[in-house]
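Coordinates as given in structure08.cif (mmCIF, C-alpha atoms and all ligand atoms):
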```cif
data_structure
#
loop_
_atom_site.label_atom_id
_atom_site.label_comp_id
_atom_site.auth_asym_id
_atom_site.auth_seq_id
_atom_site.Cartn_x
_atom_site.Cartn_y
_atom_site.Cartn_z
CA MET C 1 145.24 89.87 61.89
CA PRO C 2 142.14 87.66 62.05
CA ILE C 3 138.72 89.21 61.56
CA ALA C 4 135.75 88.02 63.61
CA HIS C 5 132.21 87.95 62.28
CA ALA C 6 129.62 87.56 65.00
CA VAL C 7 126.92 85.23 63.76
CA PRO C 8 124.06 85.88 63.96
CA GLY C 9 123.56 89.59 64.58
CA LYS C 10 123.59 90.54 68.23
CA ASN C 11 124.43 87.04 69.36
CA ILE C 12 128.19 86.86 69.87
CA LYS C 13 128.21 83.09 70.34
CA ASN C 14 129.70 81.98 67.04
CA VAL C 15 132.51 84.10 65.77
CA ALA C 16 133.96 83.23 62.39
CA VAL C 17 137.68 83.89 62.55
CA CYS C 18 139.16 84.94 59.19
CA ARG C 19 142.65 85.81 57.99
CA ASN C 20 143.18 87.57 54.65
CA LYS C 21 139.43 87.12 54.00
CA GLN C 22 139.88 83.33 54.38
CA PHE C 23 137.68 81.53 56.88
CA ILE C 24 139.76 79.78 59.57
CA ASP C 25 137.41 78.56 62.27
CA TYR C 26 134.51 79.41 64.55
CA GLU C 27 135.20 80.67 68.06
CA PHE C 28 132.75 80.85 70.94
CA CYS C 29 132.70 84.33 72.47
CA SER C 30 130.19 85.37 75.11
CA SER C 31 130.64 89.14 74.65
CA LYS C 32 131.88 91.78 72.22
CA ARG C 33 134.87 92.37 74.48
CA GLU C 34 135.83 88.71 74.41
CA ALA C 35 135.41 88.62 70.63
CA LEU C 36 137.70 91.62 70.34
CA THR C 37 140.31 90.14 72.65
CA THR C 38 140.21 86.81 70.87
CA THR C 39 140.47 88.15 67.39
CA GLY C 40 141.91 91.64 67.64
CA PHE C 41 139.27 92.98 65.24
CA PHE C 42 135.53 92.84 65.43
CA PHE C 43 132.83 93.00 62.82
CA ILE C 44 129.15 92.18 63.29
CA LEU C 45 127.02 90.66 60.53
CA PHE C 46 123.30 91.20 61.17
CA ARG C 47 121.85 87.85 60.12
CA GLY C 48 124.03 87.77 57.02
CA ASN C 49 123.00 85.43 54.23
CA THR C 50 125.66 82.79 54.71
CA HIS C 51 125.29 82.21 58.45
CA MET C 52 121.70 83.25 59.16
CA ALA C 53 120.16 81.68 62.26
CA LYS C 54 117.52 79.11 61.46
CA TYR C 55 114.35 79.08 63.52
CA VAL C 56 112.98 75.61 63.86
CA GLY C 57 109.60 74.64 65.32
CA ILE C 58 109.00 71.19 66.73
CA LEU C 59 105.84 69.38 67.75
CA THR C 60 104.79 65.89 68.77
CA ALA C 61 101.42 64.63 67.52
CA GLY C 62 99.28 61.49 67.75
CA GLY C 63 99.53 58.94 70.57
CA ASP C 64 102.57 59.37 72.79
CA CYS C 65 105.28 56.73 73.06
CA PRO C 66 108.63 56.18 74.77
CA GLY C 67 111.49 57.92 72.97
CA LEU C 68 109.73 61.19 72.13
CA ASN C 69 111.67 63.17 74.70
CA ALA C 70 114.91 61.50 73.62
CA ALA C 71 114.19 62.73 70.05
CA ILE C 72 113.34 66.25 71.25
CA ARG C 73 116.59 66.28 73.24
CA ALA C 74 118.62 65.11 70.25
CA ILE C 75 117.20 67.91 68.10
CA GLY C 76 117.56 70.51 70.86
CA LYS C 77 121.10 69.53 71.78
CA GLY C 78 122.13 68.99 68.16
CA ALA C 79 120.85 72.46 67.33
CA MET C 80 122.99 74.00 70.07
CA ASN C 81 126.07 73.17 68.01
CA THR C 82 124.68 75.13 65.09
CA ASP C 83 123.11 78.54 64.67
CA MET C 84 119.66 76.98 64.95
CA ARG C 85 117.05 78.08 67.47
CA VAL C 86 114.43 75.52 68.45
CA ILE C 87 110.98 76.41 69.65
CA GLY C 88 108.47 73.79 70.83
CA PHE C 89 104.71 73.86 70.21
CA ARG C 90 102.45 72.30 72.80
CA ASP C 91 99.94 69.54 72.14
CA GLY C 92 100.67 68.82 68.49
CA PHE C 93 99.18 70.90 65.68
CA ARG C 94 96.76 72.48 68.14
CA GLY C 95 99.60 74.30 69.93
CA LEU C 96 100.86 75.70 66.62
CA MET C 97 97.33 76.83 65.82
CA GLU C 98 96.90 78.42 69.26
CA ASN C 99 100.43 79.83 69.46
CA ARG C 100 101.33 77.94 72.63
CA THR C 101 105.11 77.62 72.72
CA VAL C 102 107.97 76.29 74.85
CA GLN C 103 111.60 77.36 74.55
CA LEU C 104 113.79 74.31 74.00
CA GLU C 105 117.23 75.51 74.91
CA GLY C 106 119.92 75.03 77.55
CA GLU C 107 118.73 73.56 80.84
CA SER C 108 115.36 72.47 79.43
CA MET C 109 117.19 69.85 77.37
CA MET C 110 118.57 68.11 80.43
CA GLY C 111 117.22 64.88 81.90
CA LEU C 112 115.09 64.06 78.87
CA LEU C 113 116.79 60.95 77.50
CA THR C 114 115.09 58.52 79.85
CA LEU C 115 111.82 60.37 80.35
CA GLY C 116 108.62 58.75 79.04
CA GLY C 117 105.82 60.67 77.28
CA THR C 118 106.49 64.03 75.66
CA ILE C 119 107.38 67.27 77.45
CA LEU C 120 105.57 69.11 74.66
CA GLY C 121 102.30 67.29 75.16
CA THR C 122 100.43 65.81 72.22
CA SER C 123 97.00 65.59 70.64
CA ARG C 124 95.36 63.84 67.74
CA ASP C 125 94.00 67.12 66.32
CA LYS C 126 94.42 67.54 62.57
CA PRO C 127 95.04 70.98 61.00
CA HIS C 128 92.22 70.52 58.47
CA LYS C 129 89.70 69.07 60.95
CA MET C 130 90.34 70.84 64.24
CA PRO C 131 87.62 70.86 66.92
CA VAL C 132 87.01 74.55 67.60
CA GLY C 133 84.06 75.65 69.75
CA GLY C 134 82.30 72.33 69.30
CA THR C 135 82.70 72.10 65.49
CA LEU C 136 85.37 70.70 63.23
CA MET C 137 87.11 73.50 61.34
CA ASP C 138 89.87 73.73 58.76
CA MET C 139 92.58 75.66 60.60
CA THR C 140 95.35 75.05 58.06
CA ASP C 141 95.64 78.71 57.10
CA VAL C 142 95.97 79.79 60.73
CA ILE C 143 98.73 77.21 61.22
CA VAL C 144 100.57 78.41 58.10
CA GLU C 145 100.20 82.02 59.28
CA ASN C 146 101.61 81.18 62.72
CA TYR C 147 104.53 79.35 61.14
CA HIS C 148 105.42 82.59 59.35
CA ARG C 149 104.64 84.76 62.39
CA HIS C 150 107.34 82.85 64.30
CA HIS C 151 109.71 83.35 61.32
CA LEU C 152 110.20 79.60 61.21
CA ASP C 153 112.56 78.17 58.64
CA ALA C 154 111.42 74.61 59.31
CA LEU C 155 108.83 72.61 61.24
CA VAL C 156 109.70 69.20 62.68
CA CYS C 157 106.65 66.97 63.18
CA ILE C 158 107.20 63.83 65.24
CA GLY C 159 104.42 61.31 64.88
CA GLY C 160 102.90 58.18 63.43
CA GLY C 161 101.00 57.57 60.18
CA GLY C 162 98.35 60.25 60.80
CA THR C 163 100.97 62.87 61.60
CA GLN C 164 102.89 62.07 58.42
CA LYS C 165 99.70 62.76 56.45
CA ASN C 166 98.99 66.03 58.26
CA ALA C 167 102.59 67.11 57.84
CA TYR C 168 102.44 66.33 54.13
CA ARG C 169 99.34 68.53 53.78
CA LEU C 170 101.27 71.40 55.43
CA ALA C 171 104.28 70.77 53.17
CA GLN C 172 101.94 71.23 50.21
CA LYS C 173 101.08 74.65 51.65
CA GLY C 174 104.72 75.68 51.34
CA ILE C 175 105.94 74.92 54.88
CA ASN C 176 109.42 73.41 55.20
CA ILE C 177 108.46 70.16 56.87
CA ILE C 178 110.64 67.36 58.14
CA THR C 179 109.23 64.43 60.11
CA LEU C 180 110.36 61.65 62.44
CA PRO C 181 108.41 58.35 62.58
CA LYS C 182 107.27 57.21 66.01
CA THR C 183 104.60 54.82 67.23
CA ILE C 184 104.41 51.65 69.27
CA ASP C 185 102.45 50.15 66.34
CA ASN C 186 105.47 50.18 63.97
CA ASP C 187 103.03 50.66 61.09
CA VAL C 188 104.52 53.73 59.36
CA ALA C 189 105.31 52.98 55.72
CA MET C 190 108.80 53.32 54.19
CA THR C 191 110.67 52.85 57.46
CA ASP C 192 111.78 49.51 58.87
CA ILE C 193 111.07 50.66 62.40
CA THR C 194 109.53 53.47 64.40
CA PHE C 195 110.74 54.49 67.83
CA GLY C 196 108.48 53.45 70.71
CA TYR C 197 107.97 50.00 69.22
CA ASP C 198 110.93 48.32 70.90
CA THR C 199 109.93 49.57 74.35
CA ALA C 200 106.28 48.55 73.92
CA LEU C 201 107.43 45.16 72.66
CA SER C 202 109.44 44.59 75.84
CA ILE C 203 106.59 45.74 78.08
CA ALA C 204 104.05 43.47 76.36
CA THR C 205 106.50 40.54 76.39
CA GLU C 206 107.19 40.91 80.08
CA ALA C 207 103.47 41.13 80.83
CA ILE C 208 102.76 37.93 78.89
CA ASP C 209 105.66 36.19 80.65
CA ARG C 210 103.97 37.05 83.94
CA LEU C 211 100.57 35.84 82.71
CA HIS C 212 102.14 32.48 81.84
CA SER C 213 102.74 31.47 85.44
CA THR C 214 99.25 32.37 86.63
CA ALA C 215 97.61 30.70 83.60
CA HIS C 216 99.65 27.60 84.36
CA SER C 217 98.74 27.55 88.08
CA HIS C 218 95.01 27.90 87.46
CA HIS C 219 94.82 25.73 84.31
CA ARG C 220 93.25 28.63 82.48
CA ILE C 221 93.20 30.22 79.09
CA ILE C 222 94.46 33.77 79.33
CA VAL C 223 93.56 35.97 76.41
CA VAL C 224 95.86 38.99 76.39
CA GLU C 225 94.99 41.98 74.25
CA VAL C 226 97.96 43.87 72.84
CA MET C 227 97.80 47.30 71.14
CA GLY C 228 98.97 47.91 67.57
CA HIS C 229 95.95 49.51 65.91
CA ASN C 230 95.31 47.65 62.62
CA SER C 231 98.71 46.04 62.33
CA GLY C 232 100.09 42.96 64.02
CA TRP C 233 103.71 43.96 64.66
CA LEU C 234 103.27 44.35 68.40
CA GLY C 235 101.01 41.31 68.88
CA LEU C 236 103.17 39.05 66.73
CA GLY C 237 106.46 40.28 68.19
CA ALA C 238 105.32 40.02 71.82
CA GLY C 239 103.55 36.70 71.20
CA LEU C 240 106.63 35.25 69.59
CA ALA C 241 109.00 36.59 72.25
CA SER C 242 106.86 35.29 75.12
CA GLY C 243 106.01 31.93 73.54
CA ALA C 244 102.25 32.53 73.35
CA ASP C 245 100.38 29.40 72.26
CA VAL C 246 98.04 31.31 69.98
CA ILE C 247 98.77 34.62 68.25
CA LEU C 248 95.98 36.46 66.46
CA ILE C 249 96.84 39.46 64.27
CA PRO C 250 94.76 41.63 61.90
CA GLU C 251 96.67 40.39 58.85
CA ILE C 252 95.43 36.80 59.41
CA PRO C 253 91.65 36.56 60.02
CA TYR C 254 91.04 33.77 62.52
CA ASP C 255 88.64 30.87 62.73
CA ILE C 256 87.60 30.49 66.37
CA GLN C 257 87.01 26.75 65.93
CA LEU C 258 90.64 26.32 64.86
CA VAL C 259 91.82 28.31 67.88
CA ALA C 260 89.69 26.14 70.19
CA ASN C 261 91.04 23.00 68.50
CA ALA C 262 94.63 24.12 69.06
CA ILE C 263 93.89 24.68 72.77
CA ARG C 264 92.15 21.29 73.07
CA LYS C 265 95.13 19.60 71.41
CA ARG C 266 97.38 21.14 74.06
CA VAL C 267 95.08 19.73 76.77
CA HIS C 268 95.44 16.28 75.21
CA ARG C 269 99.19 16.67 75.48
CA GLY C 270 98.80 17.49 79.19
CA ARG C 271 99.12 21.28 78.79
CA ASN C 272 95.86 22.42 80.35
CA PHE C 273 96.52 26.12 80.08
CA SER C 274 97.03 28.40 77.10
CA ILE C 275 98.12 31.93 76.36
CA VAL C 276 96.29 33.64 73.52
CA ALA C 277 97.99 36.90 72.43
CA VAL C 278 95.54 38.99 70.42
CA SER C 279 96.24 42.22 68.58
CA GLU C 280 93.51 44.76 69.25
CA GLY C 281 92.81 44.88 65.51
CA ALA C 282 92.54 41.09 65.03
CA LEU C 283 89.40 39.99 63.18
CA SER C 284 87.50 36.73 63.03
CA LEU C 285 86.76 35.41 59.53
CA GLU C 286 83.19 36.71 59.77
CA GLU C 287 84.28 40.16 60.96
CA HIS C 288 86.87 40.32 58.21
CA GLU C 289 84.26 39.55 55.58
CA THR C 290 81.82 42.17 56.92
CA LEU C 291 84.54 44.81 57.13
CA THR C 292 85.89 44.11 53.65
CA ASN C 293 82.38 44.41 52.17
CA LEU C 294 81.73 47.70 53.95
CA GLN C 295 85.08 49.12 52.89
CA THR C 296 84.48 48.16 49.26
CA ARG C 297 81.05 49.79 49.37
CA LYS C 298 82.58 52.89 50.91
CA GLU C 299 85.18 53.21 48.16
CA GLU C 300 82.56 52.67 45.45
CA ALA C 301 80.20 55.23 46.98
CA LYS C 302 83.04 57.72 47.17
CA ALA C 303 84.12 57.10 43.59
CA GLN C 304 80.55 57.52 42.29
CA ASP C 305 79.81 60.41 44.66
CA GLU C 306 76.72 58.65 46.06
CA ARG C 307 76.27 60.62 49.25
CA LYS C 308 73.28 58.75 50.65
CA GLU C 309 74.98 55.38 50.19
CA LEU C 310 78.20 56.80 51.69
CA ARG C 311 76.34 58.03 54.79
CA GLN C 312 74.68 54.64 55.23
CA VAL C 313 77.98 52.79 54.89
CA MET C 314 79.68 55.14 57.33
CA ASP C 315 76.90 54.46 59.86
CA LYS C 316 77.33 50.73 59.35
CA LEU C 317 81.10 51.02 59.84
CA ALA C 318 80.56 52.93 63.09
CA GLU C 319 78.08 50.25 64.20
CA PHE C 320 80.62 47.56 63.35
CA GLU C 321 83.29 49.29 65.48
CA THR C 322 80.89 49.69 68.42
CA LYS C 323 80.00 46.01 68.24
CA ARG C 324 83.69 45.14 68.37
CA THR C 325 84.38 47.16 71.51
CA ASN C 326 84.56 44.03 73.66
CA HIS C 327 85.70 41.63 70.97
CA THR C 328 88.54 40.15 73.03
CA LEU C 329 86.19 39.57 75.98
CA HIS C 330 83.81 37.83 73.61
CA LEU C 331 86.73 35.76 72.30
CA ALA C 332 87.67 34.67 75.85
CA GLN C 333 84.05 33.73 76.62
CA MET C 334 83.71 31.74 73.39
CA LEU C 335 86.97 29.87 74.03
CA GLU C 336 85.79 29.00 77.55
CA LYS C 337 82.58 27.59 76.08
CA LEU C 338 84.32 25.68 73.30
CA THR C 339 87.15 24.16 75.36
CA GLY C 340 85.68 23.79 78.84
CA LEU C 341 88.72 25.57 80.31
CA GLU C 342 88.21 28.66 82.44
CA ALA C 343 89.22 31.81 80.55
CA ARG C 344 90.31 35.29 81.63
CA LEU C 345 91.03 38.45 79.66
CA THR C 346 93.88 40.90 80.28
CA ILE C 347 93.96 44.14 78.27
CA LEU C 348 97.45 45.63 78.42
CA GLY C 349 96.29 49.00 77.09
CA HIS C 350 98.25 52.20 77.64
CA VAL C 351 100.77 50.61 79.98
CA GLN C 352 102.51 49.66 76.70
CA ARG C 353 103.01 53.34 75.85
CA GLY C 354 104.27 54.53 79.21
CA GLY C 355 107.59 54.98 80.96
CA THR C 356 111.27 54.89 80.14
CA PRO C 357 112.34 54.09 76.57
CA SER C 358 114.45 50.98 75.97
CA ALA C 359 118.12 51.37 75.04
CA ALA C 360 117.31 50.60 71.40
CA ASP C 361 114.62 53.30 71.30
CA ARG C 362 116.93 55.86 72.90
CA VAL C 363 119.59 55.14 70.30
CA LEU C 364 117.06 55.29 67.45
CA SER C 365 115.45 58.55 68.68
CA THR C 366 118.86 60.12 69.06
CA LYS C 367 120.03 59.03 65.61
CA LEU C 368 116.83 60.32 63.96
CA GLY C 369 116.97 63.59 65.93
CA THR C 370 120.57 64.38 65.08
CA THR C 371 120.03 63.44 61.42
CA CYS C 372 117.07 65.83 61.47
CA VAL C 373 119.33 68.71 62.54
CA ARG C 374 121.80 67.88 59.77
CA LEU C 375 119.09 67.71 57.11
CA ILE C 376 117.62 71.04 58.22
CA GLU C 377 121.08 72.56 57.89
CA GLU C 378 121.31 71.11 54.40
CA GLY C 379 117.86 72.45 53.54
CA VAL C 380 116.28 69.04 52.93
CA PHE C 381 112.52 69.31 53.47
CA GLY C 382 109.28 67.52 52.63
CA VAL C 383 110.75 64.28 53.92
CA MET C 384 110.40 61.72 56.71
CA ILE C 385 113.65 60.45 58.21
CA ALA C 386 113.44 56.69 57.83
CA VAL C 387 115.40 53.61 58.80
CA GLN C 388 116.08 51.37 55.82
CA GLY C 389 118.38 48.47 56.52
CA ARG C 390 121.42 49.91 58.28
CA LYS C 391 120.87 53.37 56.81
CA ILE C 392 118.99 56.44 57.95
CA VAL C 393 117.55 58.08 54.87
CA PRO C 394 115.19 60.95 54.03
CA VAL C 395 112.11 59.65 52.20
CA PRO C 396 109.75 62.05 50.36
CA LEU C 397 106.53 62.39 52.35
CA GLU C 398 104.36 61.59 49.34
CA GLU C 399 105.88 58.09 49.37
CA VAL C 400 104.99 57.65 53.05
CA VAL C 401 101.38 58.79 53.19
CA ASN C 402 98.25 56.86 52.22
CA GLN C 403 99.70 53.47 53.07
CA ARG C 404 100.25 51.47 56.23
CA LYS C 405 103.03 49.01 56.91
CA VAL C 406 101.37 45.75 57.90
CA VAL C 407 103.00 42.38 58.58
CA PRO C 408 103.63 40.66 55.22
CA LEU C 409 102.20 37.13 55.20
CA ASP C 410 105.58 35.73 54.19
CA HIS C 411 107.40 37.55 57.00
CA ALA C 412 110.05 35.50 58.79
CA TRP C 413 108.31 36.00 62.17
CA ILE C 414 105.13 34.34 60.84
CA GLU C 415 107.15 31.45 59.49
CA SER C 416 109.00 31.08 62.81
CA ALA C 417 105.78 31.21 64.83
CA ARG C 418 104.28 28.44 62.72
CA SER C 419 107.39 26.30 62.90
CA VAL C 420 107.45 26.38 66.72
CA GLY C 421 103.84 25.20 66.69
CA THR C 422 102.05 28.47 67.45
CA CYS C 423 98.45 28.63 66.24
CA LEU C 424 97.82 31.76 64.16
CA GLY C 425 94.10 31.09 63.92
CA ASP C 426 94.13 29.95 60.32
CA CYS C 427 95.33 26.34 60.46
CA LEU C 428 96.10 23.60 62.97
O1 LIG E 1 98.85 54.43 67.78
C1 LIG E 1 99.23 54.04 69.05
C2 LIG E 1 98.06 53.46 69.80
O2 LIG E 1 98.49 53.13 71.08
C3 LIG E 1 97.38 52.27 69.14
O3 LIG E 1 98.09 51.07 69.36
C4 LIG E 1 96.03 52.32 69.77
O4 LIG E 1 95.08 51.73 68.95
C5 LIG E 1 95.77 53.77 69.93
O5 LIG E 1 97.03 54.41 69.93
C6 LIG E 1 95.05 54.17 71.18
O6 LIG E 1 94.78 55.52 71.10
P1 LIG E 1 94.33 56.43 72.30
O7 LIG E 1 95.49 56.60 73.23
O8 LIG E 1 93.93 57.70 71.65
O9 LIG E 1 93.20 55.72 72.98
#
```

Here is the file; what I need is its structure written in the form of structure tokens.
Amino acid sequence: MPIAHAVPGKNIKNVAVCRNKQFIDYEFCSSKREALTTTGFFFILFRGNTHMAKYVGILTAGGDCPGLNAAIRAIGKGAMNTDMRVIGFRDGFRGLMENRTVQLEGESMMGLLTLGGTILGTSRDKPHKMPVGGTLMDMTDVIVENYHRHHLDALVCIGGGGTQKNAYRLAQKGINIITLPKTIDNDVAMTDITFGYDTALSIATEAIDRLHSTAHSHHRIIVVEVMGHNSGWLGLGAGLASGADVILIPEIPYDIQLVANAIRKRVHRGRNFSIVAVSEGALSLEEHETLTNLQTRKEEAKAQDERKELRQVMDKLAEFETKRTNHTLHLAQMLEKLTGLEARLTILGHVQRGGTPSAADRVLSTKLGTTCVRLIEEGVFGVMIAVQGRKIVPVPLEEVVNQRKVVPLDHAWIESARSVGTCLGDCL
């Protein structure tokens, strides 16, 4: 006669059917009666050691991007096939600090695959520098306390580079952390790709395609600013895919005279319009030099603990950023002056982060989410789930943090752009 163990405790969902003390299979039973009828004998284990329910928290932090809900769904649905319970925290680390939760079970997991944004909400708040009552406070201990108050066995943090860092800090406080890499910038280290990037790439490409026809009709230069923070993956990818005439990325400081020359050369060939795709973090040669000097001074001041110098450098860095607020507008105006062609600026902005995820992002989010469930079951923590080649692998968080993945100068996309005659701002 088989023996049924209800797992866990009062929940009769998973019943382990045994014969002669040998495990045979799990059965789904919705009540004690059903368990009895199914198995003939009934025995309840109250959260026994071998099949204890795992309580898993999940939050999304940093800028939103398409694919977040698909990842939440994959974790939520994947967990339903295990004895895992998933609880969501609203608005990133702030929700965990403030105990604002969402149940992520059953019906709430439906209709998420194609939904943009994040149903959990997000914020850029960091546990160790949280704005509370007008001041920045270290709320790490409160977050750790709340993790334990919810009896969590693991915390899934879905985010970009900043989130990986914050998650790592929490892992060092003894929390079982596992992370998923997302961002339209594709700049998270140790993973080939982040979800959100593919969708943003398509949106930016389509936008530039549309700008082509109007630039052509009006014989204009159109400067189009693409997001990407301080990396050029989005600008280079979209510029390449849309056949932009000039692509400017942070990794290659540009000489405006060379950009103007490239546009003038096109005019000589009868092409009196040009598309200039610029990453928001692109720097002119002069800006690059100023920034590098300031950053070196900052590092030196930090190393020698020179507080006054550090404050001055920080002020100068803030001034530098303020000055750059309209740098793409300035670029368009300068190109108009230097080439004699009318110029316009289009800033694509947050449109690149909105709406339905692409098929590739849905697949990636789902793969990362389901792998996450498996790794939690296996007790693998302190890792980010990364894509490396054709594999999905857990990478220790300490190998992810404190570095950014930028476009290598010998990357095949750079080579291809140059060989189809695209100006990258550094040579003719
Ligand atoms: O990290 C994603 C990103 O969209 C960057 O490309 C951009 O620099 C930044 O976020 C914008 O942030 P926010 O939405 O906070 O203005």

Any idea what's packed within 8 Å of stretch 86-95 of chain C, counting all atoms listed in the file, ignoring anything in its chain fewer than 5 positions away? Could you give it as a PDB file with C-alpha atoms, in the coordinates of the input?
```
ATOM      1  CA  TYR C  55     114.350  79.080  63.520  1.00  0.00           C
ATOM      2  CA  VAL C  56     112.980  75.610  63.860  1.00  0.00           C
ATOM      3  CA  GLY C  57     109.600  74.640  65.320  1.00  0.00           C
ATOM      4  CA  ILE C  58     109.000  71.190  66.730  1.00  0.00           C
ATOM      5  CA  LEU C  59     105.840  69.380  67.750  1.00  0.00           C
ATOM      6  CA  THR C  60     104.790  65.890  68.770  1.00  0.00           C
ATOM      7  CA  ALA C  61     101.420  64.630  67.520  1.00  0.00           C
ATOM      8  CA  GLY C  62      99.280  61.490  67.750  1.00  0.00           C
ATOM      9  CA  GLY C  76     117.560  70.510  70.860  1.00  0.00           C
ATOM     10  CA  ALA C  79     120.850  72.460  67.330  1.00  0.00           C
ATOM     11  CA  ARG C 100     101.330  77.940  72.630  1.00  0.00           C
ATOM     12  CA  THR C 101     105.110  77.620  72.720  1.00  0.00           C
ATOM     13  CA  VAL C 102     107.970  76.290  74.850  1.00  0.00           C
ATOM     14  CA  GLN C 103     111.600  77.360  74.550  1.00  0.00           C
ATOM     15  CA  LEU C 104     113.790  74.310  74.000  1.00  0.00           C
ATOM     16  CA  GLU C 105     117.230  75.510  74.910  1.00  0.00           C
ATOM     17  CA  LEU C 120     105.570  69.110  74.660  1.00  0.00           C
ATOM     18  CA  GLY C 121     102.300  67.290  75.160  1.00  0.00           C
ATOM     19  CA  THR C 122     100.430  65.810  72.220  1.00  0.00           C
ATOM     20  CA  SER C 123      97.000  65.590  70.640  1.00  0.00           C
ATOM     21  CA  ARG C 124      95.360  63.840  67.740  1.00  0.00           C
ATOM     22  CA  ASP C 125      94.000  67.120  66.320  1.00  0.00           C
ATOM     23  CA  LYS C 126      94.420  67.540  62.570  1.00  0.00           C
ATOM     24  CA  PRO C 127      95.040  70.980  61.000  1.00  0.00           C
ATOM     25  CA  MET C 130      90.340  70.840  64.240  1.00  0.00           C
ATOM     26  CA  ILE C 143      98.730  77.210  61.220  1.00  0.00           C
TER      27      ILE C 143
END
```

Mind dumping a table of every chain C residue within 6 Å of ligand LIG 1 (chain E), with the nearest atom pair and its distance in Å to one decimal, using all atoms listed in the file, sorted by chain and rising number, as a Markdown table?
```
| residue | atom | partner | partner_atom | distance |
| --- | --- | --- | --- | --- |
| C:Gly63 | CA | E:LIG1 | C1 | 5.1 |
| C:Thr183 | CA | E:LIG1 | C1 | 5.7 |
| C:Ile184 | CA | E:LIG1 | C1 | 5.7 |
| C:Asp185 | CA | E:LIG1 | O3 | 5.4 |
| C:Met227 | CA | E:LIG1 | O3 | 4.2 |
| C:Gly228 | CA | E:LIG1 | O3 | 3.7 |
| C:His229 | CA | E:LIG1 | O4 | 3.9 |
```

**Report entry** Residue with smallest distance to C:Gly243 - pool C:Lys182, C:Arg297, C:Lys308, C:Arg210, counting only C-alpha atoms
**Finding:** C:Arg210

**Report entry** Two-atom distance - atom CA of C:Gly389, atom CA of C:Phe195 (Å)
**Finding:** 14.9 Å

Query raised in the report: What is the atom CA of C:Val351-atom CA of C:Ile72 distance in Å, reported with one decimal?
Result: 21.9 Å

**Report entry** Which residue of C:Ile385, C:Ile414, C:Ile208, C:Met314 approaches C:Ile347 most closely, using only C-alpha atoms
**Finding:**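 Looking only at the distances to C:Ile347, the closest residue turns out to be C:Ile208.
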
Emit a file covering stretch 368-380 of chain C of the preceding structure with N, CA and C atoms, as a compact mmCIF listing (two decimals), in the first residue's frame.
```txt
# COMPACT_ATOMS: atom_id res chain seq x y z
N LEU C 368 16.25 32.60 -18.75
CA LEU C 368 16.93 33.03 -17.52
C LEU C 368 16.05 32.78 -16.30
N GLY C 369 14.74 33.06 -16.46
CA GLY C 369 13.81 32.87 -15.34
C GLY C 369 13.68 31.42 -14.92
N THR C 370 13.58 30.53 -15.89
CA THR C 370 13.41 29.11 -15.54
C THR C 370 14.72 28.54 -14.98
N THR C 371 15.85 29.02 -15.52
CA THR C 371 17.15 28.58 -14.96
C THR C 371 17.26 29.05 -13.51
N CYS C 372 16.75 30.24 -13.26
CA CYS C 372 16.78 30.80 -11.91
C CYS C 372 16.07 29.86 -10.92
N VAL C 373 14.89 29.39 -11.32
CA VAL C 373 14.13 28.48 -10.45
C VAL C 373 14.95 27.21 -10.18
N ARG C 374 15.56 26.69 -11.23
CA ARG C 374 16.35 25.46 -11.07
C ARG C 374 17.53 25.69 -10.12
N LEU C 375 18.20 26.82 -10.30
CA LEU C 375 19.38 27.08 -9.45
C LEU C 375 18.97 27.29 -7.99
N ILE C 376 17.82 27.92 -7.78
CA ILE C 376 17.35 28.09 -6.39
C ILE C 376 17.10 26.72 -5.78
N GLU C 377 16.48 25.86 -6.57
CA GLU C 377 16.22 24.48 -6.07
C GLU C 377 17.52 23.77 -5.71
N GLU C 378 18.55 24.07 -6.51
CA GLU C 378 19.84 23.41 -6.26
C GLU C 378 20.64 24.10 -5.17
N GLY C 379 20.13 25.27 -4.73
CA GLY C 379 20.82 26.00 -3.66
C GLY C 379 22.05 26.76 -4.14
N VAL C 380 22.01 27.20 -5.42
CA VAL C 380 23.14 27.96 -5.96
C VAL C 380 22.86 29.45 -5.78
```
